[in-house]
>>> print(open('model_19.cif').read())   # mmCIF, C-alpha atoms and all ligand atoms
data_work
loop_
_atom_site.label_atom_id
_atom_site.label_comp_id
_atom_site.auth_asym_id
_atom_site.auth_seq_id
_atom_site.Cartn_x
_atom_site.Cartn_y
_atom_site.Cartn_z
CA MET A 1 45.69 120.82 122.88
CA HIS A 2 47.35 117.46 123.19
CA MET A 3 49.92 115.52 121.27
CA LYS A 4 49.68 111.76 121.22
CA TYR A 5 52.25 109.35 119.82
CA CYS A 6 51.56 106.12 117.98
CA LYS A 7 52.11 103.28 120.45
CA ARG A 8 54.28 101.39 118.03
CA CYS A 9 56.35 104.01 116.16
CA LEU A 10 56.90 107.65 117.11
CA GLN A 11 54.42 109.25 114.80
CA PRO A 12 52.57 112.10 116.51
CA ASP A 13 48.90 112.78 115.86
CA THR A 14 49.74 116.39 115.03
CA ARG A 15 50.56 115.32 111.46
CA PRO A 16 47.80 116.69 109.21
CA GLY A 17 45.56 113.91 107.88
CA ILE A 18 46.82 111.28 110.32
CA LYS A 19 44.58 108.62 111.85
CA PHE A 20 45.18 106.17 114.70
CA ASN A 21 43.07 103.06 115.36
CA GLU A 22 41.37 102.38 118.73
CA GLU A 23 44.54 100.86 120.12
CA GLY A 24 46.43 104.06 119.35
CA ILE A 25 48.40 102.64 116.44
CA CYS A 26 48.90 104.74 113.33
CA TYR A 27 47.86 103.59 109.88
CA ALA A 28 51.44 103.56 108.62
CA CYS A 29 52.22 100.87 111.22
CA LEU A 30 49.08 98.99 110.26
CA TRP A 31 50.20 99.09 106.63
CA GLU A 32 53.56 97.65 107.66
CA GLU A 33 51.67 94.77 109.29
CA GLU A 34 49.48 94.31 106.25
CA LYS A 35 52.53 94.24 103.99
CA LYS A 36 53.53 90.94 105.57
CA LYS A 37 50.24 89.38 104.48
CA ILE A 38 50.35 90.62 100.91
CA ASP A 39 50.93 88.08 98.18
CA TRP A 40 53.68 90.05 96.46
CA ASP A 41 53.95 87.65 93.55
CA GLU A 42 50.32 88.35 92.81
CA ARG A 43 50.87 92.10 93.17
CA PHE A 44 53.78 91.86 90.77
CA SER A 45 51.61 89.98 88.26
CA GLU A 46 49.05 92.78 88.50
CA LEU A 47 51.82 95.29 87.87
CA GLN A 48 53.23 93.33 84.96
CA ALA A 49 49.73 93.21 83.45
CA ILE A 50 49.42 96.99 83.80
CA ALA A 51 52.85 97.41 82.19
CA ASP A 52 52.02 95.03 79.33
CA GLU A 53 48.78 96.86 78.70
CA ALA A 54 50.69 100.16 78.62
CA LYS A 55 53.13 98.74 76.08
CA LYS A 56 50.29 97.55 73.88
CA GLU A 57 48.43 100.86 74.25
CA ALA A 58 51.55 102.84 73.39
CA LYS A 59 52.12 100.72 70.32
CA ASP A 60 48.51 101.15 69.19
CA ARG A 61 48.90 104.90 69.57
CA GLY A 62 52.14 104.88 67.61
CA ASN A 63 53.95 106.06 70.72
CA LEU A 64 57.55 105.15 71.50
CA TYR A 65 57.21 105.85 75.21
CA ASP A 66 55.14 103.54 77.40
CA CYS A 67 55.16 105.50 80.61
CA VAL A 68 56.06 108.80 82.25
CA ILE A 69 57.99 109.08 85.49
CA GLY A 70 58.55 112.34 87.32
CA VAL A 71 62.15 112.32 88.59
CA SER A 72 64.31 114.43 90.85
CA GLY A 73 67.29 112.10 90.46
CA GLY A 74 66.93 111.14 94.14
CA LYS A 75 66.77 107.63 95.56
CA ASP A 76 63.10 106.97 94.90
CA SER A 77 62.95 108.22 91.34
CA THR A 78 66.21 106.48 90.43
CA PHE A 79 64.73 103.22 91.67
CA GLN A 80 61.43 103.88 89.85
CA ALA A 81 63.05 104.60 86.50
CA ILE A 82 65.34 101.58 86.54
CA TYR A 83 62.63 99.27 87.87
CA ALA A 84 60.26 100.36 85.09
CA LYS A 85 62.89 99.86 82.43
CA GLU A 86 64.68 96.72 83.59
CA LYS A 87 62.07 94.82 85.52
CA LEU A 88 58.91 95.79 83.64
CA GLY A 89 60.50 96.23 80.23
CA LEU A 90 58.93 99.65 79.77
CA ASN A 91 60.35 102.54 77.76
CA PRO A 92 59.92 105.45 80.19
CA LEU A 93 60.02 109.14 79.41
CA LEU A 94 61.36 110.93 82.46
CA VAL A 95 60.26 114.41 83.50
CA ASN A 96 62.36 116.57 85.75
CA CYS A 97 61.08 119.76 87.25
CA ALA A 98 64.33 121.15 88.65
CA PRO A 99 64.02 123.29 91.74
CA ASP A 100 65.15 126.86 91.62
CA GLU A 101 68.81 126.93 92.70
CA ILE A 102 69.39 123.19 92.48
CA THR A 103 72.17 121.87 94.72
CA GLU A 104 75.41 120.46 93.32
CA VAL A 105 74.44 117.04 94.67
CA GLY A 106 71.01 117.30 93.05
CA GLN A 107 72.53 118.26 89.70
CA HIS A 108 74.94 115.34 89.88
CA ASN A 109 72.10 112.93 90.64
CA ILE A 110 69.89 113.97 87.76
CA ASP A 111 72.86 113.84 85.36
CA ASN A 112 73.71 110.42 86.76
CA LEU A 113 70.19 109.08 86.26
CA ASN A 114 70.20 110.43 82.71
CA LYS A 115 72.99 107.97 81.83
CA LEU A 116 71.93 104.92 83.86
CA SER A 117 70.66 101.64 82.46
CA GLY A 118 71.60 102.48 78.88
CA GLY A 119 70.34 106.03 79.33
CA PHE A 120 66.97 107.77 79.57
CA ASP A 121 65.37 110.67 77.77
CA ILE A 122 64.53 113.37 80.29
CA ILE A 123 62.30 116.35 79.67
CA SER A 124 63.66 119.09 81.89
CA ILE A 125 61.32 121.82 82.96
CA LYS A 126 63.00 124.96 84.18
CA LEU A 127 60.26 127.06 85.65
CA ASN A 128 60.18 130.82 85.45
CA PRO A 129 62.35 131.70 88.48
CA VAL A 130 60.76 135.12 88.95
CA VAL A 131 57.33 133.56 89.35
CA ALA A 132 58.70 130.71 91.48
CA LYS A 133 60.27 133.18 93.89
CA LYS A 134 57.10 135.23 94.17
CA LEU A 135 55.16 132.07 95.00
CA ALA A 136 57.74 131.00 97.56
CA ARG A 137 57.60 134.41 99.25
CA LYS A 138 53.83 134.44 99.32
CA SER A 139 53.57 130.94 100.76
CA PHE A 140 56.29 131.73 103.30
CA PHE A 141 54.64 134.89 104.59
CA GLU A 142 51.11 133.48 104.52
CA ARG A 143 51.66 129.88 105.57
CA GLY A 144 55.21 129.55 106.80
CA ASN A 145 56.04 127.16 103.97
CA ILE A 146 58.86 128.01 101.56
CA ILE A 147 58.36 125.33 98.95
CA ALA A 148 54.59 124.99 98.63
CA GLY A 149 54.54 126.45 95.12
CA SER A 150 57.17 124.18 93.61
CA GLU A 151 55.41 121.08 94.92
CA TYR A 152 52.54 121.81 92.56
CA CYS A 153 54.79 121.62 89.54
CA LEU A 154 56.52 118.52 90.84
CA TRP A 155 53.21 116.71 90.89
CA ALA A 156 51.57 118.26 87.87
CA SER A 157 54.42 118.02 85.37
CA SER A 158 54.37 114.23 84.81
CA TYR A 159 50.59 114.30 84.41
CA ILE A 160 50.85 117.19 81.94
CA ILE A 161 53.50 115.41 79.87
CA ALA A 162 51.58 112.11 79.84
CA ASN A 163 48.46 113.97 78.78
CA LYS A 164 50.19 115.98 76.04
CA PHE A 165 52.23 113.10 74.63
CA ASN A 166 49.30 110.73 75.04
CA ILE A 167 51.41 108.26 77.03
CA PRO A 168 49.22 105.61 78.67
CA LEU A 169 50.88 105.16 82.07
CA ILE A 170 52.24 107.37 84.85
CA ILE A 171 54.37 105.68 87.50
CA GLN A 172 54.46 107.49 90.83
CA GLY A 173 56.57 106.42 93.78
CA GLU A 174 55.27 106.45 97.30
CA ASN A 175 51.71 106.86 98.48
CA ALA A 176 51.80 108.91 101.69
CA ALA A 177 48.55 107.36 102.84
CA LEU A 178 50.43 104.08 103.22
CA THR A 179 53.84 105.12 104.46
CA LEU A 180 52.93 108.16 106.51
CA GLY A 181 49.44 106.97 107.36
CA THR A 182 47.69 110.13 106.12
CA VAL A 183 44.57 108.12 105.32
CA LEU A 184 42.18 110.94 106.09
CA ARG A 185 43.40 112.75 102.99
CA GLN A 186 43.94 109.99 100.54
CA ASP A 187 43.00 106.42 99.76
CA THR A 188 45.39 103.49 100.04
CA SER A 189 44.92 101.79 96.68
CA GLY A 190 47.49 101.53 93.91
CA ASP A 191 45.68 104.17 91.84
CA ALA A 192 47.75 107.36 91.80
CA PHE A 193 44.99 109.51 90.37
CA ASN A 194 44.11 110.04 93.99
CA VAL A 195 47.05 112.45 93.80
CA SER A 196 44.45 115.18 93.44
CA LYS A 197 43.58 114.59 97.06
CA LEU A 198 47.18 114.83 98.19
CA ASP A 199 48.20 117.21 100.88
CA THR A 200 50.56 119.13 98.64
CA LEU A 201 47.80 119.88 96.18
CA ARG A 202 45.02 120.44 98.63
CA GLY A 203 44.02 123.48 100.49
CA PHE A 204 43.85 125.94 97.66
CA ASP A 205 43.64 126.07 93.90
CA ILE A 206 45.66 128.06 91.39
CA ASP A 207 43.52 131.18 91.89
CA GLU A 208 44.26 131.10 95.57
CA LEU A 209 47.89 130.24 94.94
CA ILE A 210 48.42 133.46 93.00
CA ALA A 211 45.90 135.65 94.83
CA GLY A 212 47.36 138.91 96.02
CA THR A 213 50.35 138.66 93.67
CA ASP A 214 50.87 140.13 90.22
CA ILE A 215 51.33 136.64 88.77
CA SER A 216 49.13 135.93 85.79
CA LYS A 217 47.38 132.60 85.31
CA ARG A 218 49.26 132.46 82.02
CA ASP A 219 52.44 131.88 84.04
CA MET A 220 50.97 128.90 85.86
CA TYR A 221 50.74 126.25 83.16
CA PHE A 222 53.07 123.76 84.82
CA TYR A 223 51.47 124.19 88.23
CA ASN A 224 48.09 123.02 87.04
CA LEU A 225 47.06 119.37 87.13
CA PRO A 226 45.20 118.36 83.94
CA ASN A 227 41.60 117.24 84.25
CA ILE A 228 41.80 113.71 85.62
CA ASP A 229 38.47 112.49 84.22
CA GLU A 230 39.60 113.58 80.79
CA MET A 231 42.88 111.70 81.22
CA LYS A 232 41.00 108.60 82.28
CA ARG A 233 38.79 108.85 79.21
CA LYS A 234 41.94 108.93 77.11
CA GLY A 235 42.98 105.65 78.70
CA ILE A 236 45.78 107.07 80.83
CA LYS A 237 46.50 105.26 84.10
CA ALA A 238 48.53 106.38 87.09
CA ILE A 239 49.91 104.00 89.70
CA TRP A 240 51.96 104.02 92.89
CA LEU A 241 54.95 101.73 92.37
CA GLN A 242 55.32 101.25 96.10
CA TYR A 243 51.91 99.55 96.24
CA TYR A 244 53.12 96.86 93.86
CA ALA A 245 56.86 96.47 94.45
CA LYS A 246 57.90 94.42 97.48
CA GLU A 247 61.40 95.92 97.44
CA TRP A 248 60.19 99.49 98.01
CA SER A 249 61.50 101.11 101.18
CA GLN A 250 63.42 104.25 102.03
CA VAL A 251 66.57 102.33 102.85
CA TYR A 252 66.30 99.83 100.01
CA ASN A 253 65.81 102.60 97.46
CA ALA A 254 68.79 104.48 98.88
CA ASP A 255 71.09 101.43 98.81
CA PHE A 256 69.90 100.56 95.32
CA SER A 257 70.58 104.08 94.06
CA ILE A 258 73.88 104.61 95.88
CA ALA A 259 75.14 101.45 94.20
CA ARG A 260 74.28 103.18 90.91
CA GLY A 261 76.04 106.44 91.61
CA LEU A 262 73.64 108.49 93.74
CA TRP A 263 75.33 111.17 95.81
CA GLY A 264 74.07 112.19 99.25
CA ARG A 265 74.86 114.96 101.70
CA THR A 266 77.97 113.08 102.74
CA ARG A 267 80.05 115.91 104.11
CA VAL A 268 77.62 117.90 106.24
CA ASP A 269 77.09 117.67 110.00
CA LEU A 270 73.77 115.90 110.51
CA HIS A 271 72.87 118.39 113.26
CA ASN A 272 72.72 121.04 110.56
CA ILE A 273 70.25 119.20 108.36
CA GLY A 274 67.78 117.89 110.97
CA ARG A 275 68.00 114.27 109.89
CA TYR A 276 70.23 111.28 110.46
CA ARG A 277 70.29 109.82 106.96
CA ARG A 278 72.02 111.54 104.10
CA TYR A 279 70.00 110.50 101.08
CA SER A 280 66.69 112.33 100.98
CA ALA A 281 65.58 115.73 99.69
CA LEU A 282 68.93 116.29 98.00
CA ASP A 283 68.17 118.70 95.21
CA SER A 284 67.13 121.76 97.21
CA ASP A 285 68.61 123.35 100.32
CA LEU A 286 65.35 125.17 101.02
CA GLN A 287 63.99 121.84 102.27
CA ILE A 288 66.21 122.01 105.33
CA ALA A 289 64.78 125.25 106.73
CA ASN A 290 61.33 124.11 105.68
CA GLN A 291 61.57 120.96 107.78
CA MET A 292 62.62 123.04 110.76
CA ILE A 293 59.52 125.19 110.29
CA LYS A 294 57.38 122.04 110.07
CA TYR A 295 58.89 120.92 113.37
CA LEU A 296 57.98 124.20 115.04
CA LYS A 297 54.44 124.02 113.67
CA PHE A 298 53.64 120.39 114.44
CA GLY A 299 56.24 119.12 116.89
CA PHE A 300 57.95 116.76 114.47
CA GLY A 301 60.44 117.12 111.66
CA PHE A 302 62.30 114.99 109.18
CA ALA A 303 64.21 112.87 111.70
CA THR A 304 60.87 111.70 113.11
CA ASP A 305 59.83 110.52 109.66
CA GLU A 306 63.11 108.68 109.24
CA ALA A 307 62.91 107.11 112.68
CA CYS A 308 59.35 105.92 112.10
CA TYR A 309 60.38 104.13 108.91
CA ASP A 310 63.27 102.54 110.77
CA ILE A 311 61.13 101.36 113.70
CA ARG A 312 58.48 99.89 111.42
CA GLU A 313 60.97 98.11 109.24
CA GLY A 314 62.76 96.66 112.26
CA ARG A 315 66.04 98.56 112.04
CA LEU A 316 65.63 100.54 115.23
CA SER A 317 64.01 100.12 118.64
CA ARG A 318 61.50 102.73 119.75
CA GLU A 319 63.91 103.74 122.56
CA ASP A 320 66.91 104.25 120.27
CA ALA A 321 64.73 106.15 117.85
CA LYS A 322 63.77 108.62 120.60
CA TRP A 323 67.41 109.44 121.05
CA LEU A 324 67.92 110.12 117.35
CA ILE A 325 64.84 112.31 117.20
CA ARG A 326 65.90 114.32 120.26
CA GLU A 327 69.33 114.72 118.75
CA TYR A 328 68.41 115.77 115.21
CA ASP A 329 64.74 116.62 114.77
CA GLY A 330 63.99 120.21 113.81
CA LYS A 331 67.66 121.19 113.70
CA CYS A 332 68.78 123.55 110.98
CA GLY A 333 72.24 125.03 110.54
CA GLU A 334 72.66 128.80 110.27
CA GLU A 335 73.91 128.38 106.72
CA TYR A 336 70.59 126.86 105.62
CA ILE A 337 68.62 129.66 107.22
CA LYS A 338 70.83 132.10 105.38
CA ILE A 339 70.21 130.23 102.12
CA ALA A 340 66.44 130.46 102.72
CA CYS A 341 66.67 134.17 103.59
CA LYS A 342 68.79 134.94 100.56
CA TYR A 343 66.32 133.15 98.34
CA LEU A 344 63.30 134.86 99.91
CA GLU A 345 65.16 138.18 99.87
CA ILE A 346 64.60 138.86 103.56
CA THR A 347 66.88 139.33 106.56
CA VAL A 348 67.39 136.66 109.19
CA ASP A 349 65.42 138.85 111.65
CA GLU A 350 62.51 139.08 109.25
CA PHE A 351 62.68 135.31 108.79
CA TRP A 352 62.32 134.67 112.52
CA ASN A 353 59.57 137.28 112.88
CA VAL A 354 57.50 135.31 110.38
CA ILE A 355 58.37 131.93 111.92
CA ASP A 356 57.45 133.19 115.39
CA LYS A 357 53.88 133.65 114.16
CA PHE A 358 53.61 130.06 113.01
CA VAL A 359 55.25 128.29 115.95
CA ASN A 360 52.81 126.15 117.92
CA LYS A 361 53.02 127.85 121.30
CA ASP A 362 51.31 124.94 123.02
CA LEU A 363 54.25 122.77 122.06
CA PHE A 364 57.16 125.21 122.25
CA TYR A 365 58.40 127.98 124.53
CA LYS A 366 61.05 130.60 123.93
CA ASP A 367 64.07 130.45 126.22
CA GLU A 368 66.09 133.46 127.45
CA GLN A 369 68.28 133.34 124.36
CA GLY A 370 65.18 133.63 122.20
CA LYS A 371 65.39 130.03 120.99
CA TRP A 372 62.26 127.90 120.58
CA CYS A 373 62.41 124.80 122.82
CA PRO A 374 59.99 121.85 123.02
CA LYS A 375 57.73 121.58 126.09
CA PHE A 376 57.03 117.94 125.17
CA LYS A 377 59.23 114.88 125.48
CA VAL A 378 59.64 112.74 122.38
CA GLY A 379 57.49 109.63 122.64
CA GLU A 380 55.50 110.79 125.67
CA ASP A 381 51.89 111.85 125.21
CA PHE A 382 51.63 115.50 125.99
CA ASP A 383 48.72 117.57 127.28
CA VAL A 384 48.78 121.30 127.62
ZN ZN B 1 52.91 104.08 114.05
#
>>> encode(input="model_19.cif", output="structure tokens", more="lines below")
Ligand SMILES: [Zn+2]
Amino acid sequence: MHMKYCKRCLQPDTRPGIKFNEEGICYACLWEEEKKKIDWDERFSELQAIADEAKKEAKDRGNLYDCVIGVSGGKDSTFQAIYAKEKLGLNPLLVNCAPDEITEVGQHNIDNLNKLSGGFDIISIKLNPVVAKKLARKSFFERGNIIAGSEYCLWASSYIIANKFNIPLIIQGENAALTLGTVLRQDTSGDAFNVSKLDTLRGFDIDELIAGTDISKRDMYFYNLPNIDEMKRKGIKAIWLQYYAKEWSQVYNADFSIARGLWGRTRVDLHNIGRYRRYSALDSDLQIANQMIKYLKFGFGFATDEACYDIREGRLSREDAKWLIREYDGKCGEEYIKIACKYLEITVDEFWNVIDKFVNKDLFYKDEQGKWCPKFKVGEDFDV
């Protein structure tokens, strides 16, 4: 077992689906380089052409909506919705698949988006919470991942609505193949139908998702991606906005959305949330414990992702980023572990018993207090 870091950012090769080139540079860094060579005016013309075609298609179909956008009310989806409406002149139908036990901040943000830019129609999907909890428990016990089930619905719902309402365009946000460099799992084009290859949807199908539970397939409608070939035959397109829009970045989207009323986790201690920015993953507190688990499985958490964006986009040196990662990565306040336990209906002891099974013991050791500590140093290639 070894863990190698990208020579340019601090991305470790333990991320599933990651690829480095021969010089040891990750594909997310290579994309950042490529971005500088892109003719963005030309990309925008391509996008405008796609938008114009969607408008024409919608009109021909007697449809009032031109496109569907899945929204959480967070920084990315706020940017997407307003960009589609104001810059591309589209009439978007928004779809929100609210997480079970949405946070106050998350509720504010979706209500805020609802009213922005003259207002949007939002279809809100409130999933069966009994089923959602069963799925969360199963995925926690089997895979050490609390939110795997809800990610299915997040992805599938906008495709389902586009398919049902016969709306010709789906606008997705960020392609992880480009910004995280997970090119082994996904292609890097602007076509978002490659969503079916995405990490969150891979690995098992609905049958496997519900196997061993008493959940019926009849309860899984909104977890199931429609047939993509059929959607293509109906003339439905899906794109990644980030591929076409020069402005797209984590920080730009946050600034853009804060200026329009987005709330963040402004009052919490950053050590408790395992990140140093306050404007991502706002609608669910289960995310916080989940990122800690990811850290213990792979040796990196949310602060690493943030730091890598900042290095690539020139806001942070690799050295300063190491400090931020050491300080925040994988941290999770007791209160968030309690929230996760309460949701999963387990005790804190049971929680740690399950986590202990999933910790990568090559990368972490348990100290005398029973706390998992890294054997590796951030940014230094590590061999066991
Ligand atoms: Zn890199």
>>> residues_near_ligand(input="model_19.cif", ligand="ligand ZN 1 (chain B)", cutoff="9 Å", atoms="all atoms listed in the file", output="number ranges by chain")
A: 5-12, 20, 24-30, 180-181, 308, 311-312
>>> closest_residue(input="model_19.cif", among="A:Gly190, A:Gly89, A:Gly314, A:Gly299", to="Trp372 of chain A", atoms="only C-alpha atoms")
A:Gly299
>>> atom_distance(input="model_19.cif", atom1="atom CA of Ile110 of chain A", atom2="atom CA of Ile239 of chain A")
22.4 Å
>>> closest_residue(input="model_19.cif", among="A:Asn63, A:Ser139, A:Asn272, A:Gln48", to="Lys164 of chain A", atoms="all atoms listed in the file")
A:Asn63
>>> residues_near_point(input="model_19.cif", point="(66.9, 108.5, 111.0)", cutoff="9 Å", atoms="only C-alpha atoms", output="list in words")
Arg275, Tyr276, Arg277, Phe302, Ala303, Thr304, Asp305, Glu306, Ala307, Cys308, Tyr309, Asp310, Ala321, Leu324, Ile325 and Tyr328 of chain A
>>> closest_residue(input="model_19.cif", among="A:Ala245, A:Ile161, A:Leu296, A:Ala156", to="Phe222 of chain A", atoms="all atoms listed in the file")
A:Ala156
>>> atom_distance(input="model_19.cif", atom1="atom CA of Lys134 of chain A", atom2="atom CA of Lys338 of chain A")
18.0 Å
>>> residues_around(input="model_19.cif", residues="Val354 of chain A", least_positions_apart="3", cutoff="12 Å", atoms="all atoms listed in the file", output="VMD selection string")
chain A and resid 137 to 146 293 341 344 346 to 351 357 to 359
>>> atom_distance(input="model_19.cif", atom1="atom CA of Glu104 of chain A", atom2="atom CA of Glu327 of chain A")
26.8 Å
>>> residues_around(input="model_19.cif", residues="segment 40-42 of chain A", least_positions_apart="4", cutoff="8 Å", atoms="only C-alpha atoms", output="count of residues only")
4
>>> closest_residue(input="model_19.cif", among="A:Lys294, A:Lys234, A:His271, A:Lys375", to="Cys332 of chain A", atoms="all atoms listed in the file")
A:His271
>>> residues_near_point(input="model_19.cif", point="(63.9, 140.6, 120.7)", cutoff="12 Å", atoms="all atoms listed in the file", output="list in words")
Asp349, Glu350, Trp352, Asn353, Asp356, Lys366, Asp367, Glu368, Gln369, Gly370 and Lys371 of chain A
>>> closest_residue(input="model_19.cif", among="A:Met1, A:Ile102, A:Asp362, A:Val131", to="Lys217 of chain A", atoms="all atoms listed in the file")
A:Val131
>>> residues_around(input="model_19.cif", residues="Asp255 of chain A", least_positions_apart="3", cutoff="12 Å", atoms="all atoms listed in the file", output="PDB file with C-alpha atoms, in the frame of the given file")
ATOM      1  CA  GLY A  74      66.930 111.140  94.140  1.00  0.00           C
ATOM      2  CA  LYS A  75      66.770 107.630  95.560  1.00  0.00           C
ATOM      3  CA  ASP A  76      63.100 106.970  94.900  1.00  0.00           C
ATOM      4  CA  THR A  78      66.210 106.480  90.430  1.00  0.00           C
ATOM      5  CA  PHE A  79      64.730 103.220  91.670  1.00  0.00           C
ATOM      6  CA  GLU A 247      61.400  95.920  97.440  1.00  0.00           C
ATOM      7  CA  TRP A 248      60.190  99.490  98.010  1.00  0.00           C
ATOM      8  CA  SER A 249      61.500 101.110 101.180  1.00  0.00           C
ATOM      9  CA  GLN A 250      63.420 104.250 102.030  1.00  0.00           C
ATOM     10  CA  VAL A 251      66.570 102.330 102.850  1.00  0.00           C
ATOM     11  CA  TYR A 252      66.300  99.830 100.010  1.00  0.00           C
ATOM     12  CA  ILE A 258      73.880 104.610  95.880  1.00  0.00           C
ATOM     13  CA  ALA A 259      75.140 101.450  94.200  1.00  0.00           C
ATOM     14  CA  ARG A 260      74.280 103.180  90.910  1.00  0.00           C
ATOM     15  CA  GLY A 261      76.040 106.440  91.610  1.00  0.00           C
ATOM     16  CA  LEU A 262      73.640 108.490  93.740  1.00  0.00           C
ATOM     17  CA  TRP A 263      75.330 111.170  95.810  1.00  0.00           C
ATOM     18  CA  GLY A 264      74.070 112.190  99.250  1.00  0.00           C
ATOM     19  CA  ARG A 277      70.290 109.820 106.960  1.00  0.00           C
ATOM     20  CA  ARG A 278      72.020 111.540 104.100  1.00  0.00           C
ATOM     21  CA  TYR A 279      70.000 110.500 101.080  1.00  0.00           C
ATOM     22  CA  SER A 280      66.690 112.330 100.980  1.00  0.00           C
TER      23      SER A 280
END
